[in-house]
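Student: After the structure tokens below, expect a handful of questions from me.
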Amino acid sequence: MLQMNFETWERSHLCQLNFFPNISSSGSDGELLEDPTELPLVIKVGSPHAGYGKMRAQTQEEFDDLKSILKLHKDFYTTEPLVKFEFEFRIQKIGSHYRASKRNSSTCWKNNWGNLEFVDCELHDSR
């Protein structure tokens with residue numbers, strides 16, 4: 001059986017998410033986003049999922065380019081730090097059977113599309 005202290009996991013695995021209404025919808029010509037205090041950064045526009053609507057800004061120049069695109073639309077957006085990882089670990093339970101695998105993409109920083117590789121991992125019962 002797999003067990004985890006959720007409070008400990010939550011504190012160490014959740015990153016700061018910042019929400020911004022798009023000021024272009026208010027007709028203002030002011031700045032869209034404050035300059036980030038820390039790069040690289042992920043910006044997600046609107047509410048799509050599966051990696052759509054996301055862009056990575058690794059430099060101030062990339063961040064400034066993205067601000068010019070956001071100015072054209074009225075969608076809200078969020079920012080969060082870019083989390084570097086080697087792979088994504090997944091655990092699946094079907095009935096009483098557990099299955100685990102590592103997922104990685106060699107062609108996409110989002111790690112959820114492109115050249116995906118799944119590697120099965122063995123789970124051991126610790127009872």
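Residue numbering restarts at 1 in every chain; chains get A, B, ... in the order shown in the structure tokens, and ligands count up from 1 in that same order.
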With a distance cut-off of 7 Å and only C-alpha atoms, select the neighbouring residues of Val119 of chain A, excluding the residue or stretch itself and same-chain residues fewer than 6 positions from it, and output the selection as an NGL selection string.
Tutor: :A and (101-103)
Student: Near Glu62 of chain A, counting only C-alpha atoms, which residues have an atom at most 12 Å away, once you skip same-chain residues fewer than 4 positions from it, shown as a list in words?
Tutor: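 Contacts, in chain order: Asp35, Pro36, Leu39, Pro40, Leu41, Val42, Ile43, Met55, Arg56, Ala57, Gln58, Leu66, Lys67, Ser68 and Ile69 of chain A.
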Student: Given the selection you just returned, output its residues as a file containing C-alpha atoms, formatted as a tab-separated table (two decimals), in the first residue's frame.
Tutor:
chain	number	residue	atom	x	y	z
A	35	ASP	CA	8.59	42.22	-14.65
A	36	PRO	CA	9.23	38.86	-13.03
A	39	LEU	CA	13.02	33.53	-14.46
A	40	PRO	CA	12.39	31.05	-16.04
A	41	LEU	CA	8.62	31.37	-15.79
A	42	VAL	CA	5.57	29.60	-17.27
A	43	ILE	CA	2.64	31.71	-18.42
A	55	MET	CA	4.56	29.49	-22.91
A	56	ARG	CA	7.92	29.39	-21.22
A	57	ALA	CA	9.86	32.63	-20.73
A	58	GLN	CA	13.50	31.98	-19.87
A	66	LEU	CA	4.88	37.39	-24.58
A	67	LYS	CA	3.50	40.61	-23.07
A	68	SER	CA	3.01	41.98	-26.61
A	69	ILE	CA	0.90	38.91	-27.52
Student: Pick out the residues sitting within 10 Å of Val45 of chain A, and hand them over as a tab-separated table (two decimals) with all heavy atoms, in the first residue's frame; count only C-alpha atoms, and ignore anything fewer than 6 positions along from it in its own chain.
Tutor:
chain	number	residue	atom	x	y	z
A	20	PHE	N	-3.82	36.90	-13.13
A	20	PHE	CA	-3.90	38.27	-13.63
A	20	PHE	C	-5.10	38.39	-14.56
A	20	PHE	O	-5.19	37.65	-15.55
A	20	PHE	CB	-2.64	38.63	-14.44
A	20	PHE	CG	-1.38	38.59	-13.64
A	20	PHE	CD1	-0.63	37.43	-13.59
A	20	PHE	CD2	-0.95	39.70	-12.93
A	20	PHE	CE1	0.54	37.38	-12.85
A	20	PHE	CE2	0.22	39.65	-12.19
A	20	PHE	CZ	0.96	38.49	-12.15
A	22	ASN	N	-6.72	40.23	-17.61
A	22	ASN	CA	-6.02	40.90	-18.71
A	22	ASN	C	-6.47	42.35	-18.79
A	22	ASN	O	-7.62	42.63	-19.05
A	22	ASN	CB	-6.29	40.18	-20.02
A	22	ASN	CG	-5.32	40.60	-21.10
A	22	ASN	OD1	-4.85	41.72	-21.13
A	22	ASN	ND2	-5.02	39.69	-21.99
A	52	TYR	N	-1.90	23.20	-23.76
A	52	TYR	CA	-2.27	24.28	-24.67
A	52	TYR	C	-2.32	25.60	-23.91
A	52	TYR	O	-2.67	25.65	-22.75
A	52	TYR	CB	-3.64	24.02	-25.31
A	52	TYR	CG	-3.62	22.83	-26.24
A	52	TYR	CD1	-4.17	21.63	-25.85
A	52	TYR	CD2	-3.03	22.93	-27.50
A	52	TYR	CE1	-4.15	20.53	-26.70
A	52	TYR	CE2	-3.00	21.83	-28.34
A	52	TYR	CZ	-3.56	20.64	-27.94
A	52	TYR	OH	-3.53	19.57	-28.77
A	53	GLY	N	-1.95	26.69	-24.58
A	53	GLY	CA	-2.02	28.01	-23.98
A	53	GLY	C	-0.87	28.32	-23.04
A	53	GLY	O	-0.92	29.32	-22.32
A	54	LYS	N	0.16	27.50	-23.01
A	54	LYS	CA	1.31	27.73	-22.13
A	54	LYS	C	2.53	28.16	-22.93
A	54	LYS	O	2.76	27.69	-24.04
A	54	LYS	CB	1.68	26.46	-21.37
A	54	LYS	CG	0.73	26.10	-20.27
A	54	LYS	CD	1.25	24.93	-19.49
A	54	LYS	CE	0.31	24.59	-18.36
A	54	LYS	NZ	0.77	23.44	-17.59
A	55	MET	N	3.30	29.06	-22.32
A	55	MET	CA	4.56	29.49	-22.91
A	55	MET	C	5.60	29.62	-21.82
A	55	MET	O	5.28	30.04	-20.70
A	55	MET	CB	4.40	30.82	-23.64
A	55	MET	CG	5.65	31.26	-24.34
A	55	MET	SD	5.35	32.69	-25.35
A	55	MET	CE	7.01	33.01	-25.90
A	70	LEU	N	-0.07	39.00	-25.28
A	70	LEU	CA	-1.18	39.08	-24.32
A	70	LEU	C	-2.02	40.34	-24.53
A	70	LEU	O	-3.22	40.35	-24.30
A	70	LEU	CB	-0.65	39.04	-22.89
A	70	LEU	CG	-0.12	37.70	-22.40
A	70	LEU	CD1	0.55	37.86	-21.05
A	70	LEU	CD2	-1.23	36.68	-22.34
A	73	HIS	N	-5.31	40.13	-26.67
A	73	HIS	CA	-6.45	39.30	-26.28
A	73	HIS	C	-7.00	39.73	-24.93
A	73	HIS	O	-6.38	40.51	-24.21
A	73	HIS	CB	-6.03	37.83	-26.24
A	73	HIS	CG	-5.54	37.35	-27.57
A	73	HIS	ND1	-6.38	37.01	-28.59
A	73	HIS	CD2	-4.28	37.21	-28.05
A	73	HIS	CE1	-5.67	36.66	-29.65
A	73	HIS	NE2	-4.38	36.76	-29.35
A	74	LYS	N	-8.16	39.18	-24.58
A	74	LYS	CA	-8.81	39.55	-23.33
A	74	LYS	C	-8.82	38.41	-22.31
A	74	LYS	O	-9.47	38.51	-21.29
A	74	LYS	CB	-10.25	40.00	-23.61
A	74	LYS	CG	-10.29	41.25	-24.47
A	74	LYS	CD	-11.70	41.69	-24.72
A	74	LYS	CE	-11.66	42.97	-25.56
A	74	LYS	NZ	-12.98	43.49	-25.82
A	75	ASP	N	-8.12	37.32	-22.59
A	75	ASP	CA	-8.10	36.18	-21.68
A	75	ASP	C	-7.29	36.49	-20.43
A	75	ASP	O	-6.28	37.19	-20.49
A	75	ASP	CB	-7.47	34.96	-22.35
A	75	ASP	CG	-8.30	34.45	-23.52
A	75	ASP	OD1	-9.53	34.47	-23.41
A	75	ASP	OD2	-7.70	34.06	-24.53
A	76	PHE	N	-7.72	35.93	-19.30
A	76	PHE	CA	-6.92	36.01	-18.10
A	76	PHE	C	-5.69	35.13	-18.28
A	76	PHE	O	-5.62	34.31	-19.19
A	76	PHE	CB	-7.71	35.56	-16.86
A	76	PHE	CG	-7.99	34.09	-16.81
A	76	PHE	CD1	-7.07	33.23	-16.19
A	76	PHE	CD2	-9.14	33.56	-17.35
A	76	PHE	CE1	-7.30	31.87	-16.14
A	76	PHE	CE2	-9.39	32.20	-17.30
A	76	PHE	CZ	-8.47	31.36	-16.69
A	77	TYR	N	-4.70	35.29	-17.41
A	77	TYR	CA	-3.52	34.45	-17.49
A	77	TYR	C	-2.95	34.25	-16.11
A	77	TYR	O	-3.23	35.00	-15.17
A	77	TYR	CB	-2.47	35.03	-18.45
A	77	TYR	CG	-2.18	36.49	-18.22
A	77	TYR	CD1	-1.16	36.88	-17.37
A	77	TYR	CD2	-2.95	37.46	-18.84
A	77	TYR	CE1	-0.91	38.22	-17.15
A	77	TYR	CE2	-2.70	38.79	-18.63
A	77	TYR	CZ	-1.68	39.17	-17.78
A	77	TYR	OH	-1.44	40.50	-17.56
A	78	THR	N	-2.16	33.20	-15.99
A	78	THR	CA	-1.50	32.89	-14.72
A	78	THR	C	-0.01	32.74	-14.97
A	78	THR	O	0.41	32.45	-16.10
A	78	THR	CB	-2.05	31.58	-14.09
A	78	THR	OG1	-1.84	30.50	-15.00
A	78	THR	CG2	-3.53	31.71	-13.76
A	79	THR	N	0.77	32.94	-13.93
A	79	THR	CA	2.21	32.70	-14.02
A	79	THR	C	2.61	31.78	-12.87
A	79	THR	O	1.98	31.77	-11.81
A	79	THR	CB	3.02	34.01	-13.92
A	79	THR	OG1	2.83	34.59	-12.63
A	79	THR	CG2	2.62	34.99	-15.00
Student: Rounded to one decimal, what separation in Å do you get between atom CA of Phe63 of chain A and atom CA of Asn111 of chain A?
Tutor: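 About the pair atom CA of Phe63 of chain A and atom CA of Asn111 of chain A: they are 21.1 Å apart.
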Student: DSSP says alpha helix (DSSP H) for which residues of segment 61-105 of chain A? Put them as a PyMOL selection string?
Tutor: chain A and resi 61-70
Student: Mind pulling up the distance from atom CA of Pro48 of chain A to atom CA of Arg90 of chain A?
Tutor: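 Computed distance, atom CA of Arg90 of chain A to atom CA of Pro48 of chain A, equals 21.8 Å.
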